[in-house]
file query-v4.cif (mmCIF, C-alpha atoms)
data_start
loop_
_atom_site.label_atom_id
_atom_site.label_comp_id
_atom_site.auth_asym_id
_atom_site.auth_seq_id
_atom_site.Cartn_x
_atom_site.Cartn_y
_atom_site.Cartn_z
CA MET A 1 -82.50 -74.22 -87.50
CA THR A 2 -84.68 -75.79 -84.83
CA THR A 3 -85.29 -74.81 -81.22
CA VAL A 4 -83.59 -78.03 -80.14
CA GLN A 5 -80.44 -77.12 -82.09
CA VAL A 6 -80.34 -73.66 -80.53
CA ALA A 7 -80.85 -75.08 -77.03
CA ASP A 8 -78.11 -77.65 -77.66
CA ALA A 9 -75.70 -74.94 -78.83
CA LEU A 10 -76.50 -72.80 -75.77
CA LEU A 11 -75.81 -75.79 -73.50
CA THR A 12 -72.44 -76.29 -75.22
CA VAL A 13 -71.56 -72.63 -74.64
CA MET A 14 -72.56 -72.81 -70.97
CA ILE A 15 -70.43 -75.93 -70.44
CA PHE A 16 -67.53 -74.37 -72.32
CA TRP A 17 -67.73 -71.17 -70.26
CA ALA A 18 -67.68 -73.24 -67.07
CA LEU A 19 -64.59 -75.08 -68.32
CA THR A 20 -62.66 -71.89 -69.10
CA THR A 21 -62.88 -70.92 -65.42
CA PRO A 22 -60.51 -73.56 -63.94
CA HIS A 23 -58.30 -73.14 -67.03
CA GLU A 24 -57.75 -69.41 -66.53
CA PHE A 25 -57.64 -69.78 -62.74
CA ALA A 26 -54.81 -72.30 -63.14
CA HIS A 27 -52.82 -69.77 -65.18
CA ALA A 28 -53.36 -67.09 -62.56
CA TRP A 29 -52.62 -69.36 -59.59
CA VAL A 30 -49.35 -70.70 -61.04
CA ALA A 31 -48.24 -67.20 -62.05
CA GLU A 32 -48.80 -65.99 -58.49
CA LYS A 33 -46.94 -68.97 -57.05
CA LEU A 34 -44.02 -68.09 -59.33
CA GLY A 35 -43.91 -64.55 -57.98
CA ASP A 36 -46.04 -62.51 -60.37
CA ASP A 37 -48.72 -60.47 -58.59
CA THR A 38 -50.28 -59.23 -61.85
CA PRO A 39 -53.13 -61.80 -61.91
CA ARG A 40 -53.95 -61.09 -58.26
CA ARG A 41 -54.06 -57.33 -58.87
CA GLU A 42 -56.32 -57.84 -61.88
CA GLY A 43 -58.73 -60.08 -59.96
CA ARG A 44 -57.94 -63.28 -61.84
CA VAL A 45 -57.01 -65.58 -58.94
CA THR A 46 -60.65 -66.57 -58.54
CA LEU A 47 -63.11 -69.23 -59.64
CA ASN A 48 -65.74 -66.60 -60.49
CA PRO A 49 -66.66 -67.31 -64.16
CA LEU A 50 -67.33 -63.62 -64.82
CA ALA A 51 -63.68 -62.82 -64.09
CA HIS A 52 -62.50 -65.03 -66.95
CA VAL A 53 -65.04 -64.49 -69.71
CA ASP A 54 -64.03 -63.10 -73.09
CA TRP A 55 -67.39 -62.33 -74.67
CA VAL A 56 -66.12 -63.00 -78.17
CA GLY A 57 -63.98 -66.05 -77.41
CA THR A 58 -66.12 -67.59 -74.68
CA VAL A 59 -69.63 -66.89 -75.92
CA ILE A 60 -70.04 -65.49 -79.45
CA LEU A 61 -67.59 -67.69 -81.40
CA PRO A 62 -68.46 -70.91 -79.54
CA LEU A 63 -72.16 -70.24 -80.11
CA ALA A 64 -71.67 -69.45 -83.80
CA SER A 65 -69.45 -72.46 -84.43
CA SER A 66 -71.87 -74.74 -82.56
CA LEU A 67 -74.87 -73.49 -84.54
CA LEU A 68 -73.03 -73.75 -87.85
CA ALA A 69 -71.56 -77.16 -86.98
CA GLY A 70 -68.11 -75.96 -88.04
CA ALA A 71 -64.73 -76.23 -86.35
CA PHE A 72 -65.30 -75.29 -82.70
CA LEU A 73 -63.56 -72.05 -81.70
CA GLY A 74 -63.32 -70.65 -78.22
CA TRP A 75 -61.12 -69.37 -75.40
CA GLY A 76 -61.30 -67.53 -72.10
CA ARG A 77 -59.97 -64.06 -71.30
CA ALA A 78 -56.19 -64.19 -71.32
CA VAL A 79 -54.43 -63.90 -67.96
CA ASN A 80 -51.83 -61.14 -68.08
CA THR A 81 -48.40 -61.99 -66.72
CA ALA A 82 -45.12 -60.13 -66.43
CA PRO A 83 -42.28 -62.51 -67.39
CA HIS A 84 -39.69 -60.37 -65.60
CA LYS A 85 -41.55 -60.99 -62.33
CA LEU A 86 -41.84 -64.72 -62.82
CA LYS A 87 -39.39 -67.11 -61.27
CA TYR A 88 -37.40 -68.63 -64.15
CA GLY A 89 -38.46 -65.81 -66.52
CA TYR A 90 -39.70 -67.14 -69.85
CA ASN A 91 -39.33 -70.71 -68.60
CA GLY A 92 -41.71 -69.73 -65.81
CA LEU A 93 -44.03 -68.31 -68.46
CA ALA A 94 -44.05 -71.74 -70.11
CA LEU A 95 -45.15 -73.30 -66.80
CA VAL A 96 -47.93 -70.73 -66.51
CA ALA A 97 -49.02 -71.46 -70.09
CA LEU A 98 -49.08 -75.23 -69.55
CA ALA A 99 -51.07 -74.92 -66.32
CA GLY A 100 -54.29 -74.13 -68.17
CA PRO A 101 -54.35 -77.14 -70.52
CA ALA A 102 -53.12 -79.38 -67.69
CA SER A 103 -56.05 -78.26 -65.51
CA ASN A 104 -58.46 -79.21 -68.29
CA VAL A 105 -57.04 -82.73 -68.49
CA VAL A 106 -57.41 -83.10 -64.72
CA PHE A 107 -60.93 -81.68 -64.89
CA ALA A 108 -61.87 -84.16 -67.64
CA LEU A 109 -60.71 -87.00 -65.39
CA LEU A 110 -62.84 -85.65 -62.53
CA ILE A 111 -65.85 -85.41 -64.84
CA ALA A 112 -65.33 -88.99 -66.02
CA GLY A 113 -65.16 -90.10 -62.40
CA ALA A 114 -68.37 -88.22 -61.60
CA ALA A 115 -70.08 -89.90 -64.56
CA SER A 116 -69.56 -93.29 -62.92
CA VAL A 117 -71.74 -92.04 -60.05
CA PHE A 118 -74.24 -89.79 -61.83
CA THR A 119 -75.17 -92.27 -64.53
CA GLY A 120 -78.33 -90.38 -65.42
CA ALA A 121 -76.32 -87.46 -66.76
CA LEU A 122 -73.90 -89.30 -69.04
CA GLU A 123 -74.52 -87.18 -72.15
CA PRO A 124 -73.84 -83.73 -70.65
CA LEU A 125 -70.94 -85.09 -68.58
CA PHE A 126 -69.37 -86.71 -71.64
CA ARG A 127 -69.79 -83.45 -73.56
CA ALA A 128 -68.10 -81.58 -70.70
CA ALA A 129 -65.16 -84.03 -70.61
CA TYR A 130 -64.81 -83.84 -74.38
CA LEU A 131 -64.89 -80.02 -74.40
CA SER A 132 -62.39 -79.89 -71.54
CA LEU A 133 -59.95 -82.04 -73.48
CA TYR A 134 -60.62 -80.12 -76.68
CA LEU A 135 -59.90 -76.86 -74.82
CA ALA A 136 -56.59 -78.31 -73.65
CA LEU A 137 -55.59 -79.37 -77.16
CA PHE A 138 -56.83 -76.22 -78.87
CA ASN A 139 -54.91 -73.98 -76.51
CA MET A 140 -51.67 -75.71 -77.43
CA VAL A 141 -51.88 -74.31 -80.97
CA PRO A 142 -48.89 -71.90 -81.14
CA VAL A 143 -50.90 -68.86 -82.27
CA PRO A 144 -51.50 -65.81 -80.03
CA PRO A 145 -53.45 -65.47 -77.81
CA LEU A 146 -53.47 -69.23 -77.20
CA ASP A 147 -51.25 -70.85 -74.57
CA GLY A 148 -49.08 -72.64 -77.10
CA SER A 149 -47.83 -69.29 -78.37
CA LYS A 150 -46.25 -68.58 -74.96
CA LEU A 151 -44.06 -71.62 -75.46
CA LEU A 152 -42.58 -69.81 -78.47
CA LEU A 153 -41.36 -67.11 -76.10
CA ALA A 154 -39.90 -69.77 -73.81
CA LEU A 155 -38.06 -71.07 -76.88
CA ARG A 156 -36.69 -67.53 -77.25
CA LEU A 157 -38.70 -66.39 -80.25
CA PRO A 158 -37.87 -62.65 -80.53
CA ALA A 159 -40.49 -60.52 -78.80
CA ALA A 160 -40.88 -58.37 -81.92
CA VAL A 161 -41.80 -61.45 -83.98
CA TYR A 162 -44.28 -62.55 -81.32
CA THR A 163 -45.86 -59.10 -81.27
CA THR A 164 -46.30 -59.24 -85.04
CA LEU A 165 -47.91 -62.67 -84.80
CA ALA A 166 -50.22 -61.40 -82.07
CA GLN A 167 -51.48 -58.62 -84.35
CA TYR A 168 -52.74 -61.24 -86.80
CA GLY A 169 -53.59 -63.92 -84.26
CA PHE A 170 -57.34 -63.97 -84.91
CA ILE A 171 -56.85 -64.19 -88.67
CA LEU A 172 -54.30 -66.98 -88.23
CA LEU A 173 -56.77 -68.89 -86.04
CA LEU A 174 -59.44 -68.61 -88.72
CA VAL A 175 -56.98 -69.89 -91.32
CA VAL A 176 -56.10 -72.84 -89.09
CA ALA A 177 -59.77 -73.52 -88.38
CA TYR A 178 -61.11 -73.41 -91.90
CA SER A 179 -58.16 -74.17 -94.17
CA THR A 180 -56.74 -77.20 -92.39
CA GLY A 181 -58.12 -80.29 -90.71
CA LEU A 182 -56.24 -79.58 -87.47
CA LEU A 183 -59.22 -78.60 -85.34
CA ARG A 184 -61.35 -81.47 -86.59
CA GLY A 185 -58.47 -83.80 -85.80
CA MET A 186 -58.28 -82.34 -82.31
CA SER A 187 -62.02 -82.85 -81.93
CA VAL A 188 -61.75 -86.53 -82.84
CA LEU A 189 -58.78 -86.98 -80.49
CA ALA A 190 -60.60 -85.24 -77.62
CA ARG A 191 -63.63 -87.50 -78.10
CA ASP A 192 -61.44 -90.61 -78.15
CA TRP A 193 -59.65 -89.53 -74.97
CA ALA A 194 -62.93 -88.70 -73.23
CA LEU A 195 -64.37 -92.09 -74.20
CA THR A 196 -61.25 -93.83 -72.88
CA MET A 197 -61.56 -91.98 -69.55
CA PHE A 198 -65.23 -92.95 -69.22
CA VAL A 199 -64.38 -96.58 -69.90
CA TRP A 200 -61.64 -96.46 -67.23
CA PHE A 201 -64.04 -95.29 -64.53
CA ARG A 202 -66.96 -97.47 -65.54
CA GLY A 203 -64.67 -100.50 -65.54
#
call {"tool": "encode", "arguments": {"input": "query-v4.cif", "output": "structure tokens"}}
result
Amino acid sequence: MTTVQVADALLTVMIFWALTTPHEFAHAWVAEKLGDDTPRREGRVTLNPLAHVDWVGTVILPLASSLLAGAFLGWGRAVNTAPHKLKYGYNGLALVALAGPASNVVFALLIAGAASVFTGALEPLFRAAYLSLYLALFNMVPVPPLDGSKLLLALRLPAAVYTTLAQYGFILLLVVAYSTGLLRGMSVLARDWALTMFVWFRG
């Protein structure tokens, strides 16, 4: 493993960490707007990256998967919400869950727009747009603690079943990552979407 490979992996982790910040902030902001003060009390309605880092999900796993060139794994620290406080209950929880991936799509568009101005930084900006879109897609996988799992609750999956799934969430994610082609498919799709966005803005 070369110094260049290590530096490249560290850059990927830094970009990824930066991208988790608007993602988790979006969850917290929407939850607060829907009446849940839990994120505010826990200091999550902020754009401070340190408030949203999960050292395993945001740093260790992304670094390891980048160095090993395997399926990319990563997430930010989950934003706690209380469904009974949310307007619309579990339907409100679905809105909170979707806010994170939606913010990453918007952020990817902003990055693509910036790339049309800062043409000397196309490679890191393209990587950021790609990772932002990948983060959006990855989080829609319906496995706890990812956002897609909250949609199961909105679909009225029994809480006891969800709790059981959550106990084995990490193992399930590893199975999805290394026993199926789902994450690689998401990676290809995210790159295609990012390329399409860059073409839009470069005209």
call {"tool": "closest_residue", "arguments": {"input": "query-v4.cif", "among": "A:Tyr178, A:Met197, A:Asp8, A:Leu137", "to": "Ala115 (chain A)", "atoms": "all atoms listed in the file"}}
result
A:Met197
call {"tool": "residues_around", "arguments": {"input": "query-v4.cif", "residues": "region 124-133 of chain A", "least_positions_apart": "3", "cutoff": "10 Å", "atoms": "all atoms listed in the file", "output": "PyMOL selection string"}}
result
chain A and resi 11-16+18-20+23+72+101-115+118-121+136-139+186-195+197-198
call {"tool": "atom_distance", "arguments": {"input": "query-v4.cif", "atom1": "CA of Phe170 (chain A)", "atom2": "CA of Leu63 (chain A)"}}
result
16.8 Å
call {"tool": "resolve_selection", "arguments": {"input": "query-v4.cif", "expression": "the PyMOL selection byres ((chain A and resi 140) around 12)", "output": "PyMOL selection string"}}
result
chain A and resi 75+94+97-102+104+133-139+141-152+182-183+186
call {"tool": "closest_residue", "arguments": {"input": "query-v4.cif", "among": "A:Lys85, A:Ser116, A:Leu67, A:Ala51", "to": "Thr3 (chain A)", "atoms": "all atoms listed in the file"}}
result
A:Leu67
call {"tool": "atom_distance", "arguments": {"input": "query-v4.cif", "atom1": "CA of Arg184 (chain A)", "atom2": "CA of Leu10 (chain A)"}}
result
20.5 Å
